[in-house]
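Shown below: my_file-v2.txt, with compact mmCIF, C-alpha atoms and all ligand atoms.
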# COMPACT_ATOMS: atom_id res chain seq x y z
CA ARG W 193 17.75 -6.71 -7.30
CA VAL W 194 15.94 -4.53 -4.79
CA ALA W 195 16.78 -1.57 -7.01
CA ALA W 196 14.79 -2.82 -9.98
CA ALA W 197 13.08 0.06 -11.77
CA PRO W 198 9.40 0.28 -10.91
CA GLN W 199 7.20 -1.67 -13.22
CA ARG W 200 5.95 0.62 -15.96
CA LEU W 201 2.25 0.72 -15.45
CA VAL W 202 -0.14 1.28 -18.29
CA TRP W 203 -0.51 4.99 -18.99
CA LEU W 204 -3.73 6.55 -19.99
CA PHE W 205 -1.81 8.48 -22.62
CA SER W 206 1.63 7.98 -24.06
CA MET W 207 3.61 10.66 -22.24
CA ASN W 208 6.50 10.54 -24.67
CA ASP W 209 4.54 10.93 -27.84
CA ARG W 210 5.16 14.58 -28.64
CA LYS W 211 2.61 14.62 -31.43
CA LYS W 212 -0.16 14.09 -28.92
CA ARG W 213 -1.23 16.89 -26.64
CA LYS W 214 0.08 16.31 -23.14
CA PRO W 215 -2.78 15.49 -20.80
CA GLY W 216 -3.79 18.25 -18.39
CA PHE W 217 -2.63 18.38 -14.80
CA SER W 218 -5.94 17.31 -13.28
CA THR W 219 -6.27 14.37 -15.69
CA LEU W 220 -2.80 13.27 -14.63
CA SER W 221 -3.66 13.73 -10.93
CA VAL W 222 -6.63 11.42 -11.32
CA HIS W 223 -5.31 8.81 -13.75
CA ALA W 224 -1.51 8.81 -14.17
CA GLY W 225 0.20 5.65 -13.02
CA GLU W 226 -2.99 3.66 -12.68
CA LEU W 227 -4.01 0.50 -14.47
CA ARG W 228 -7.24 0.81 -16.43
CA GLN W 229 -8.51 -2.54 -15.21
CA LYS W 230 -7.70 -3.26 -11.57
CA LEU W 231 -7.76 -6.17 -9.15
CA GLY W 232 -11.28 -7.53 -8.67
CA ASP W 233 -12.52 -5.12 -11.35
CA ALA W 234 -12.53 -2.43 -8.65
CA LEU W 235 -12.33 1.20 -9.70
CA THR W 236 -9.92 2.01 -6.86
CA ASP W 237 -6.54 0.47 -6.18
CA PRO W 238 -6.31 -2.09 -3.36
CA ILE W 239 -4.44 -1.50 -0.10
CA ILE W 240 -1.98 -4.40 -0.14
CA SER W 241 -1.10 -4.90 3.53
CA SER W 242 1.40 -7.65 2.89
CA ALA W 243 4.79 -7.65 4.61
CA THR W 244 6.10 -10.27 2.20
CA TYR W 245 5.19 -11.88 -1.13
CA SER W 246 5.04 -15.56 -1.97
CA PHE W 247 6.65 -17.38 -4.86
CA ALA W 248 4.81 -20.23 -6.59
CA ASP W 249 7.94 -22.42 -6.65
CA THR W 250 11.75 -22.32 -6.66
CA GLN W 251 11.84 -21.54 -10.38
CA ALA W 252 9.76 -18.40 -9.71
CA VAL W 253 12.37 -17.25 -7.16
CA ILE W 254 15.17 -17.83 -9.67
CA ASP W 255 13.28 -16.04 -12.45
CA TYR W 256 12.84 -13.07 -10.14
CA ILE W 257 16.52 -12.99 -9.14
CA GLU W 258 17.55 -13.20 -12.81
CA GLN W 259 15.14 -10.30 -13.46
CA LYS W 260 13.07 -12.31 -15.90
CA GLN W 261 9.98 -11.32 -13.95
CA THR W 262 9.03 -8.02 -12.32
CA ARG W 263 7.17 -8.51 -9.07
CA GLU W 264 7.30 -7.71 -5.37
CA GLU W 265 9.56 -9.59 -2.97
CA TYR W 266 9.40 -8.08 0.53
CA GLY W 267 7.61 -5.01 1.90
CA ARG W 268 10.75 -2.98 2.63
CA TYR W 269 11.73 -3.05 -1.06
CA GLY W 270 8.44 -1.81 -2.42
CA ASN W 271 4.73 -2.31 -2.68
CA ARG W 272 2.46 -2.33 -5.72
CA GLY W 273 0.30 0.53 -4.42
CA GLU W 274 3.39 2.61 -3.77
CA ARG W 275 4.58 2.11 -7.35
CA VAL W 276 1.27 3.43 -8.64
CA VAL W 277 1.63 6.61 -6.57
CA GLU W 278 5.30 6.97 -7.51
CA ALA W 279 4.36 6.86 -11.20
CA LYS W 280 1.64 9.47 -10.58
CA LEU W 281 4.03 11.81 -8.75
CA ALA W 282 6.72 11.37 -11.41
CA ALA W 283 4.16 12.35 -14.07
CA LEU W 284 3.04 15.44 -12.13
CA ASP W 285 6.63 16.70 -11.75
CA CYS W 286 7.58 15.65 -15.33
CA GLY W 287 10.29 13.35 -13.96
CA GLU W 288 11.28 9.89 -15.14
CA ASP W 289 10.92 8.31 -11.73
CA ALA W 290 9.90 9.00 -8.13
CA VAL W 291 10.74 7.30 -4.83
CA LEU W 292 8.31 7.51 -1.91
CA PHE W 293 9.29 7.57 1.77
CA SER W 294 7.63 7.45 5.17
CA SER W 295 8.12 11.25 5.59
CA GLY W 296 9.70 14.24 3.91
CA MET W 297 12.63 14.06 6.32
CA ALA W 298 13.17 10.37 5.54
CA ALA W 299 13.39 11.34 1.85
CA ILE W 300 16.04 13.99 2.38
CA VAL W 301 18.06 11.85 4.82
CA VAL W 302 18.18 8.90 2.41
CA LEU W 303 19.03 11.11 -0.58
CA LEU W 304 21.91 12.82 1.25
CA MET W 305 23.17 9.51 2.66
CA THR W 306 23.11 8.08 -0.88
CA ARG W 307 25.10 10.91 -2.47
CA LEU W 308 27.54 12.11 0.22
CA ASN W 309 30.74 10.46 1.40
CA SER W 310 33.20 11.41 4.12
CA GLY W 311 35.07 14.56 3.05
CA ASP W 312 32.31 15.71 0.71
CA GLU W 313 30.78 19.15 1.07
CA VAL W 314 27.24 20.42 0.71
CA VAL W 315 26.10 24.04 0.33
CA PHE W 316 22.71 25.21 1.62
CA PHE W 317 20.75 28.41 1.19
CA ASP W 318 20.20 29.33 4.84
CA GLU W 319 16.40 29.58 4.71
CA CYS W 320 16.17 25.86 3.84
CA TYR W 321 13.99 23.69 6.15
CA HIS W 322 15.77 23.76 9.51
CA ARG W 323 15.66 20.00 10.14
CA SER W 324 17.36 19.34 6.78
CA ARG W 325 20.18 21.75 7.67
CA GLU W 326 20.38 20.30 11.16
CA PHE W 327 20.72 16.77 9.76
CA CYS W 328 23.71 17.91 7.69
CA SER W 329 25.41 20.19 10.18
CA ASP W 330 24.89 18.08 13.34
CA HIS W 331 24.69 14.53 12.04
CA LEU W 332 26.29 14.05 8.61
CA SER W 333 29.20 16.00 10.14
CA ARG W 334 29.79 12.95 12.37
CA PHE W 335 30.53 11.00 9.16
CA GLY W 336 32.91 13.66 7.83
CA VAL W 337 30.52 15.62 5.60
CA VAL W 338 31.10 19.39 5.66
CA THR W 339 28.09 21.76 5.48
CA HIS W 340 28.24 25.37 4.31
CA GLN W 341 25.37 27.82 4.57
CA VAL W 342 25.02 30.98 2.52
CA SER W 343 22.26 33.60 2.46
CA ALA W 344 19.15 32.56 0.56
CA CYS W 345 19.19 33.62 -3.11
CA ASP W 346 22.80 34.90 -2.90
CA TYR W 347 24.01 33.05 -6.00
CA ALA W 348 27.48 34.59 -5.93
CA ALA W 349 27.97 33.44 -2.33
CA MET W 350 26.76 29.98 -3.27
CA GLU W 351 29.21 29.79 -6.15
CA ASP W 352 32.03 31.05 -3.92
CA ALA W 353 31.29 28.33 -1.38
CA ILE W 354 31.81 25.58 -3.99
CA THR W 355 35.11 23.68 -3.70
CA PRO W 356 36.37 20.60 -5.56
CA SER W 357 34.79 18.52 -2.74
CA THR W 358 31.28 20.00 -3.15
CA ARG W 359 28.76 17.35 -4.17
CA MET W 360 25.40 18.99 -3.68
CA LEU W 361 23.65 22.38 -3.63
CA VAL W 362 20.44 22.42 -1.60
CA SER W 363 17.62 24.92 -1.31
CA GLU W 364 13.98 25.20 -0.59
CA SER W 365 11.74 27.33 -2.85
CA PRO W 366 9.61 29.07 -1.74
CA THR W 367 11.31 29.18 1.66
CA ASN W 368 9.49 28.99 4.94
CA PRO W 369 8.43 31.30 6.61
CA HIS W 370 9.99 34.08 4.48
CA LEU W 371 8.72 32.78 1.13
CA SER W 372 11.85 33.71 -0.79
CA ILE W 373 11.78 32.41 -4.36
CA VAL W 374 14.89 30.82 -5.86
CA ASP W 375 15.75 31.54 -9.50
CA LEU W 376 15.76 27.84 -10.35
CA SER W 377 17.45 28.15 -13.75
CA ASN W 378 20.28 30.16 -12.19
CA PHE W 379 20.59 27.71 -9.29
CA ALA W 380 20.67 24.69 -11.65
CA ALA W 381 23.17 26.41 -13.94
CA ILE W 382 25.61 26.97 -11.06
CA GLY W 383 25.43 23.27 -10.27
CA LYS W 384 25.96 22.25 -13.90
CA LYS W 385 28.86 24.68 -14.35
CA HIS W 386 30.70 23.11 -11.39
CA GLY W 387 29.55 19.50 -11.92
CA VAL W 388 27.60 19.56 -8.64
CA GLU W 389 24.13 18.04 -8.22
CA THR W 390 21.22 20.28 -7.20
CA LEU W 391 18.26 19.57 -4.94
CA ILE W 392 15.16 21.73 -4.49
CA ASP W 393 12.69 21.15 -1.68
CA ALA W 394 9.55 22.38 -3.46
CA THR W 395 7.10 21.35 -0.73
CA LEU W 396 5.54 24.84 -0.53
CA ALA W 397 5.18 25.21 -4.30
CA THR W 398 4.10 21.67 -5.30
CA PRO W 399 4.32 20.53 -8.95
CA PHE W 400 1.11 22.48 -9.59
CA ASN W 401 2.92 25.80 -9.08
CA VAL W 402 6.48 25.02 -10.16
CA GLN W 403 8.40 22.16 -11.80
CA PRO W 404 12.08 22.47 -10.86
CA LEU W 405 13.23 19.56 -13.07
CA GLY W 406 12.19 21.59 -16.10
CA HIS W 407 14.66 24.28 -15.00
CA GLY W 408 17.52 21.75 -14.93
CA VAL W 409 17.49 20.88 -11.22
CA ASP W 410 18.55 17.25 -10.58
CA TYR W 411 16.24 16.29 -7.71
CA VAL W 412 12.97 17.72 -6.49
CA LEU W 413 11.79 16.80 -3.03
CA HIS W 414 8.36 17.18 -1.43
CA SER W 415 7.02 16.55 2.00
CA ALA W 416 3.86 14.83 0.71
CA THR W 417 2.51 15.35 4.23
CA LYS W 418 1.61 18.86 3.08
CA TYR W 419 -0.22 19.74 -0.18
CA LEU W 420 0.23 16.42 -2.01
CA GLY W 421 -1.60 14.43 0.67
CA GLY W 422 -3.54 17.56 1.46
CA HIS W 423 -5.77 16.37 4.30
CA ASN W 424 -3.50 16.50 7.38
CA ASP W 425 -3.96 12.74 7.79
CA LEU W 426 -0.72 11.15 6.61
CA LEU W 427 3.06 11.54 6.63
CA ALA W 428 5.00 10.91 3.42
CA GLY W 429 7.88 12.23 1.35
CA VAL W 430 8.94 11.88 -2.28
CA ILE W 431 11.99 12.54 -4.46
CA VAL W 432 11.52 12.93 -8.21
CA GLY W 433 14.32 12.84 -10.79
CA SER W 434 15.94 10.71 -13.46
CA ARG W 435 15.61 6.94 -13.25
CA GLU W 436 19.37 6.59 -13.31
CA LYS W 437 19.97 8.93 -10.37
CA LEU W 438 17.12 7.51 -8.30
CA GLU W 439 18.17 3.88 -8.62
CA ALA W 440 20.77 4.16 -5.83
CA VAL W 441 18.33 6.17 -3.68
CA ARG W 442 15.71 3.41 -3.99
CA TYR W 443 18.37 0.82 -3.16
CA LEU W 444 19.44 2.60 0.05
CA ARG W 445 15.79 3.10 1.06
CA GLY W 446 15.49 -0.69 0.87
CA ILE W 447 18.38 -1.02 3.33
CA MET W 448 17.47 1.83 5.71
CA GLY W 449 13.78 0.98 5.71
CA PRO W 450 11.85 4.31 5.89
CA VAL W 451 9.06 2.97 3.68
CA ILE W 452 5.57 4.45 3.50
CA SER W 453 2.81 2.23 4.87
CA PRO W 454 0.28 0.74 2.42
CA HIS W 455 -2.50 2.62 4.22
CA SER W 456 -0.74 6.00 3.93
CA THR W 457 -0.04 5.19 0.28
CA TYR W 458 -3.75 4.75 -0.31
CA LEU W 459 -4.58 8.02 1.48
CA LEU W 460 -1.96 9.83 -0.60
CA GLN W 461 -3.36 8.42 -3.85
CA ARG W 462 -6.85 9.42 -2.78
CA GLY W 463 -5.68 12.90 -1.81
CA LEU W 464 -3.98 13.33 -5.18
CA LYS W 465 -7.26 12.79 -7.04
CA THR W 466 -8.33 16.31 -6.05
CA PHE W 467 -4.86 17.86 -6.11
CA ASP W 468 -5.52 20.23 -9.01
CA LEU W 469 -8.82 21.41 -7.51
CA ARG W 470 -7.31 21.94 -4.09
CA MET W 471 -4.27 23.85 -5.39
CA ARG W 472 -6.45 26.26 -7.35
CA ARG W 473 -8.35 27.07 -4.16
CA HIS W 474 -5.18 27.31 -2.02
CA ASN W 475 -3.70 29.73 -4.58
CA GLU W 476 -6.90 31.81 -4.68
CA ASN W 477 -7.24 31.92 -0.90
CA GLY W 478 -3.57 32.73 -0.36
CA LEU W 479 -3.73 35.70 -2.74
CA ALA W 480 -7.09 36.99 -1.45
CA VAL W 481 -6.03 36.79 2.20
CA ALA W 482 -2.59 38.31 1.46
CA ARG W 483 -4.24 41.28 -0.31
CA PHE W 484 -6.67 41.76 2.56
CA LEU W 485 -3.93 41.68 5.19
CA GLU W 486 -1.70 44.04 3.22
CA GLY W 487 -4.52 46.58 3.23
CA HIS W 488 -5.27 46.29 6.97
CA GLU W 489 -4.07 49.06 9.27
CA ARG W 490 -2.90 46.67 12.00
CA VAL W 491 -0.59 44.82 9.60
CA GLU W 492 2.97 46.06 9.21
CA LYS W 493 4.02 43.76 6.39
CA VAL W 494 2.86 40.70 4.43
CA LEU W 495 5.27 38.20 2.89
CA TYR W 496 3.56 36.54 -0.09
CA PRO W 497 5.23 36.04 -3.49
CA GLY W 498 2.03 36.97 -5.33
CA LEU W 499 2.08 40.53 -3.95
CA PRO W 500 3.99 43.18 -5.99
CA SER W 501 5.53 44.34 -2.66
CA HIS W 502 7.35 41.00 -2.27
CA GLN W 503 11.10 41.00 -2.83
CA TYR W 504 10.87 38.10 -5.30
CA TYR W 505 7.59 39.04 -7.01
CA ASP W 506 9.15 39.24 -10.51
CA ILE W 507 10.87 35.87 -10.41
CA ALA W 508 7.70 34.34 -8.93
CA GLN W 509 5.63 35.84 -11.79
CA ASP W 510 8.05 34.38 -14.34
CA THR W 511 8.37 30.90 -12.90
CA MET W 512 5.26 30.05 -10.89
CA GLU W 513 1.70 29.16 -11.80
CA GLY W 514 0.39 30.39 -8.44
CA TYR W 515 1.81 31.17 -5.00
CA GLY W 516 0.15 28.67 -2.71
CA GLY W 517 -1.77 29.01 0.51
CA LEU W 518 1.07 29.91 2.87
CA LEU W 519 1.67 33.50 3.90
CA THR W 520 3.50 35.28 6.69
CA PHE W 521 2.64 38.65 8.19
CA LEU W 522 3.91 41.04 10.86
CA VAL W 523 1.52 42.79 13.24
CA LYS W 524 2.13 46.54 13.56
CA ASP W 525 3.51 47.75 16.92
CA ALA W 526 2.80 44.44 18.64
CA ASP W 527 4.93 42.55 21.15
CA TRP W 528 4.89 38.75 21.22
CA ARG W 529 1.91 38.61 23.63
CA GLN W 530 -0.26 40.98 21.59
CA THR W 531 0.61 38.90 18.52
CA ALA W 532 -0.38 35.73 20.39
CA ASP W 533 -3.72 37.38 21.25
CA ILE W 534 -4.51 37.60 17.51
CA VAL W 535 -3.56 33.95 17.01
CA ASP W 536 -5.85 33.04 19.91
CA ALA W 537 -8.72 35.17 18.60
CA VAL W 538 -9.13 33.53 15.17
CA GLN W 539 -11.96 31.03 14.99
CA ILE W 540 -11.42 29.12 11.73
CA PRO W 541 -7.67 28.37 11.47
CA ARG W 542 -6.43 25.91 14.11
CA ILE W 543 -3.21 26.52 16.00
CA ALA W 544 -0.80 23.86 14.72
CA PRO W 545 2.48 23.41 12.90
CA SER W 546 2.35 22.09 9.31
CA LEU W 547 0.69 23.50 6.21
CA GLY W 548 -0.92 22.53 2.94
CA GLY W 549 -4.01 20.74 4.21
CA VAL W 550 -7.66 21.54 3.55
CA GLU W 551 -7.97 23.04 7.06
CA SER W 552 -6.36 26.47 7.60
CA LEU W 553 -3.62 26.47 10.25
CA ILE W 554 -2.11 29.42 12.08
CA GLU W 555 1.02 29.72 14.21
CA GLN W 556 3.38 32.25 15.71
CA PRO W 557 6.88 31.05 14.67
CA LEU W 558 8.42 32.53 17.85
CA VAL W 559 6.23 30.27 20.01
CA ILE W 560 5.88 27.11 17.95
CA SER W 561 9.40 26.71 16.53
CA TYR W 562 11.77 29.18 18.20
CA PHE W 563 10.54 29.55 21.81
CA GLU W 564 13.73 28.20 23.31
CA CYS W 565 16.04 30.38 21.18
CA THR W 566 17.60 33.57 22.49
CA PRO W 567 16.40 36.90 21.00
CA GLU W 568 19.76 37.11 19.17
CA GLU W 569 19.25 33.67 17.62
CA ARG W 570 15.72 34.60 16.55
CA GLU W 571 17.03 37.76 14.99
CA ALA W 572 19.63 35.73 13.08
CA TYR W 573 16.88 33.40 11.80
CA GLY W 574 14.75 36.41 10.84
CA ILE W 575 11.92 35.55 13.25
CA PRO W 576 10.52 38.74 14.84
CA ASP W 577 8.17 38.56 17.86
CA ASN W 578 5.23 39.95 15.85
CA MET W 579 5.35 37.34 13.05
CA ILE W 580 2.35 35.11 12.25
CA ARG W 581 2.35 32.31 9.69
CA LEU W 582 -0.95 31.32 8.14
CA SER W 583 -1.57 28.29 5.94
CA CYS W 584 -4.79 28.99 4.07
CA GLY W 585 -6.87 25.85 3.61
CA ILE W 586 -9.70 25.47 1.13
CA GLU W 587 -12.40 27.26 3.14
CA ASP W 588 -14.23 30.19 1.49
CA SER W 589 -11.80 33.09 1.30
CA GLN W 590 -14.42 35.57 2.53
CA ASP W 591 -14.85 33.55 5.71
CA LEU W 592 -11.09 33.52 6.32
CA ILE W 593 -10.91 37.27 5.69
CA ASP W 594 -13.87 38.04 7.99
CA ASP W 595 -12.33 35.86 10.69
CA LEU W 596 -8.93 37.54 10.45
CA ARG W 597 -10.58 40.98 10.48
CA GLN W 598 -12.46 40.26 13.72
CA ALA W 599 -9.26 38.86 15.30
CA LEU W 600 -7.21 41.91 14.26
CA GLU W 601 -9.90 44.35 15.42
CA LYS W 602 -10.73 42.67 18.71
C1 LIG Y 701 7.29 19.59 6.52
C2 LIG Y 701 8.45 19.87 5.67
C3 LIG Y 701 9.52 18.97 5.56
C4 LIG Y 701 9.57 17.70 6.35
O1 LIG Y 701 8.57 16.81 5.94
P1 LIG Y 701 7.92 15.72 6.92
O2 LIG Y 701 6.94 15.03 6.04
O3 LIG Y 701 7.32 16.45 8.08
O4 LIG Y 701 9.05 14.83 7.36
C5 LIG Y 701 10.56 19.28 4.71
N1 LIG Y 701 10.58 20.43 4.00
C6 LIG Y 701 9.57 21.32 4.09
C7 LIG Y 701 9.64 22.57 3.28
C8 LIG Y 701 8.49 21.08 4.91
O5 LIG Y 701 7.50 21.98 5.00

Show me, as structure tokens, the structure contained in the file I just sent.
Amino acid sequence: RVAAAPQRLVWLFSMNDRKKRKPGFSTLSVHAGELRQKLGDALTDPIISSATYSFADTQAVIDYIEQKQTREEYGRYGNRGERVVEAKLAALDCGEDAVLFSSGMAAIVVLLMTRLNSGDEVVFFDECYHRSREFCSDHLSRFGVVTHQVSACDYAAMEDAITPSTRMLVSESPTNPHLSIVDLSNFAAIGKKHGVETLIDATLATPFNVQPLGHGVDYVLHSATKYLGGHNDLLAGVIVGSREKLEAVRYLRGIMGPVISPHSTYLLQRGLKTFDLRMRRHNENGLAVARFLEGHERVEKVLYPGLPSHQYYDIAQDTMEGYGGLLTFLVKDADWRQTADIVDAVQIPRIAPSLGGVESLIEQPLVISYFECTPEEREAYGIPDNMIRLSCGIEDSQDLIDDLRQALEK
């Protein structure tokens, strides 16, 4: 009974009525999933900080168990505010259902634990988020799950790695920090051909820029900590997919307990109100800054899928609405210290891991994520000493460009 489908909330528009025009993305960001008339006649949804929910009498308990009444029971199984945000996120990704978690990692851990049994195999594209791969290779391995990694976007290698025990194909798109773009239709087709489920971590793209379910992918995952929340003030994760597939995921979440707090849920809902506006600015800033950097004499190379020089420019043009605020660049003839000097000289972006918030963030992958690796390991991960990753926030692009110019020319 903890796996009951979320209560269908009143929609502003009937999403399934094909005769009606589908509401626009920003209208959905503001209104999808929300009741028109709310508790206390408030315009905003309440933060329900209740660990448990009371029943009027014994008959009410029995009615709930016999599923005659949809309601909340206990905080680990769900919360009304969370169901509102789940419905909103499902609408944005054009999925039937969504399940929220306390973080992006909690989402991927619960999904993989739901689908994989001892002896099962999973195949990753090797640029996928390193903690996701680490969970599979170092931890699910303890329960008999076998992990294979193949080069990102090598579809033949991925297909070759599939055996009768393969249960899931996993990739991120775009990848981080190389921003490789997966051909989602191709990826989904390989899964369908072999009867293997597919998962795309689309955190960097967001549903504004790409909708993997529409390409036939089974599950789309987001760290809502990044663009969906958008303000660097909460941790959350979400998986979107079919109601049928997500039922078991929701059930295991109820047992494992990585639930999002009511307060974070509220912040996420509030952040989503401006999601469309923010993504337009992130896309604009990312492209403007990428073009500026590509033209600067101290820059050796810029990795940004919206630049014609990018390896996956064509597939990005075909499948994406925009290319986001994240970009990676290499400083010409610079060792790691000279690269760090540029990071230290910028005045607007803060030095921090993470991405997708309104504040620009800058980091040198060698220092922040790979400092304890050997040079050989860094080479294998494709992390040169002169690499800088920049997450463009929503500041004015000219200010970001002027700031980067003074840092590069210092
Ligand atoms: C941040 C991130 C995650 C992990 O999400 P958390 O919310 O930090 O747990 C997973 N995938 C990608 C691509 C990310 O950027």

> With distances taken over all atoms listed in the file, which of W:Gln341, W:Ser365, W:Ser242, W:Ser218 is nearest to ligand LIG 701 (chain Y)?
Replying inline: W:Ser365

> ligand LIG 701 (chain Y): which residues are within 9 Å, counting all atoms listed in the file, as JSON, numbers by chain?
Replying inline: {"W": [293, 294, 295, 296, 297, 298, 299, 300, 320, 321, 322, 323, 324, 364, 365, 366, 367, 368, 393, 394, 395, 396, 413, 414, 415, 416, 417, 418, 426, 427, 428, 429, 545, 546, 547, 548]}

>> Considering all atoms listed in the file, can you say which of W:Arg435, W:His370, W:Arg272, W:His223 comes closest to Ile580 of chain W?
In response: W:His370

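Across the structure, atom CA of Val301 of chain W and atom CA of Arg445 of chain W are spaced 9.8 Å apart.
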
Can you tell me, as a PDB file with C-alpha atoms, in the coordinates of the input, which residues sit within 7 Å of (2.4, 25.0, 13.6) in the file's frame, using all atoms listed in the file?
ATOM      1  CA  ILE W 543      -3.210  26.520  16.000  1.00  0.00           C
ATOM      2  CA  ALA W 544      -0.800  23.860  14.720  1.00  0.00           C
ATOM      3  CA  PRO W 545       2.480  23.410  12.900  1.00  0.00           C
ATOM      4  CA  SER W 546       2.350  22.090   9.310  1.00  0.00           C
ATOM      5  CA  ILE W 554      -2.110  29.420  12.080  1.00  0.00           C
ATOM      6  CA  GLU W 555       1.020  29.720  14.210  1.00  0.00           C
ATOM      7  CA  ILE W 560       5.880  27.110  17.950  1.00  0.00           C
TER       8      ILE W 560
END

> What lies within 9 Å of Thr244 of chain W using only C-alpha atoms, ignoring chain neighbours under 4 positions off, as a PyMOL selection string?
Replying inline: chain W and resi 264-268

> Taking into account all atoms listed in the file, which residue in the set W:Thr355, W:Val342, W:Leu376, W:Gly433 is nearest to Asp285 of chain W?
Replying inline: W:Gly433

> Within 7 Å of segment 230-240 of chain W, counting only C-alpha atoms, which residues qualify if same-chain residues fewer than 2 places away don't, as an MDAnalysis selection string?
Replying inline: chainID W and resid 227:228 242 273 454:455 458

Please provide as a PDB file with C-alpha atoms, in the coordinates of the input all residues within 9 Å of segment 485-498 of chain W, with the sequence filter that same-chain residues fewer than 4 positions apart are discarded (counting all atoms listed in the file).
ATOM      1  CA  PRO W 366       9.610  29.070  -1.740  1.00  0.00           C
ATOM      2  CA  PRO W 369       8.430  31.300   6.610  1.00  0.00           C
ATOM      3  CA  HIS W 370       9.990  34.080   4.480  1.00  0.00           C
ATOM      4  CA  LEU W 371       8.720  32.780   1.130  1.00  0.00           C
ATOM      5  CA  SER W 372      11.850  33.710  -0.790  1.00  0.00           C
ATOM      6  CA  ILE W 373      11.780  32.410  -4.360  1.00  0.00           C
ATOM      7  CA  GLY W 478      -3.570  32.730  -0.360  1.00  0.00           C
ATOM      8  CA  LEU W 479      -3.730  35.700  -2.740  1.00  0.00           C
ATOM      9  CA  ALA W 480      -7.090  36.990  -1.450  1.00  0.00           C
ATOM     10  CA  VAL W 481      -6.030  36.790   2.200  1.00  0.00           C
ATOM     11  CA  HIS W 502       7.350  41.000  -2.270  1.00  0.00           C
ATOM     12  CA  GLN W 503      11.100  41.000  -2.830  1.00  0.00           C
ATOM     13  CA  TYR W 504      10.870  38.100  -5.300  1.00  0.00           C
ATOM     14  CA  TYR W 505       7.590  39.040  -7.010  1.00  0.00           C
ATOM     15  CA  ASP W 506       9.150  39.240 -10.510  1.00  0.00           C
ATOM     16  CA  ILE W 507      10.870  35.870 -10.410  1.00  0.00           C
ATOM     17  CA  ALA W 508       7.700  34.340  -8.930  1.00  0.00           C
ATOM     18  CA  GLN W 509       5.630  35.840 -11.790  1.00  0.00           C
ATOM     19  CA  GLY W 514       0.390  30.390  -8.440  1.00  0.00           C
ATOM     20  CA  TYR W 515       1.810  31.170  -5.000  1.00  0.00           C
ATOM     21  CA  GLY W 516       0.150  28.670  -2.710  1.00  0.00           C
ATOM     22  CA  LEU W 518       1.070  29.910   2.870  1.00  0.00           C
ATOM     23  CA  LEU W 519       1.670  33.500   3.900  1.00  0.00           C
ATOM     24  CA  THR W 520       3.500  35.280   6.690  1.00  0.00           C
ATOM     25  CA  PHE W 521       2.640  38.650   8.190  1.00  0.00           C
ATOM     26  CA  LEU W 522       3.910  41.040  10.860  1.00  0.00           C
ATOM     27  CA  VAL W 523       1.520  42.790  13.240  1.00  0.00           C
ATOM     28  CA  LYS W 524       2.130  46.540  13.560  1.00  0.00           C
ATOM     29  CA  ASP W 525       3.510  47.750  16.920  1.00  0.00           C
ATOM     30  CA  ILE W 593     -10.910  37.270   5.690  1.00  0.00           C
ATOM     31  CA  LEU W 596      -8.930  37.540  10.450  1.00  0.00           C
ATOM     32  CA  ARG W 597     -10.580  40.980  10.480  1.00  0.00           C
ATOM     33  CA  LEU W 600      -7.210  41.910  14.260  1.00  0.00           C
ATOM     34  CA  GLU W 601      -9.900  44.350  15.420  1.00  0.00           C
TER      35      GLU W 601
END

>> Report, in Å to a single decimal, how far apart atom CA of Phe467 of chain W and atom CA of Ser221 of chain W are.
In response: 6.5 Å

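What separates atom CA of Ala397 of chain W from atom CA of Leu420 of chain W is a distance of 10.3 Å.
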
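For the set W:Lys260, W:His474, W:Arg570, W:Lys602, the residue with the smallest atom-to-atom gap to Glu587 of chain W is W:His474, counting all atoms listed in the file.
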
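Shortest atom-to-atom contact with Asp318 of chain W among W:Val538, W:Leu361, W:Ala279, W:Leu464: W:Leu361, counting all atoms listed in the file.
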
>> Please list as a VMD selection string every residue within 8 Å of segment 349-351 of chain W, counting all atoms listed in the file and excluding residues in the same chain fewer than 2 positions away.
In response: chain W and resid 315 to 317 342 to 343 346 to 347 353 to 354 382
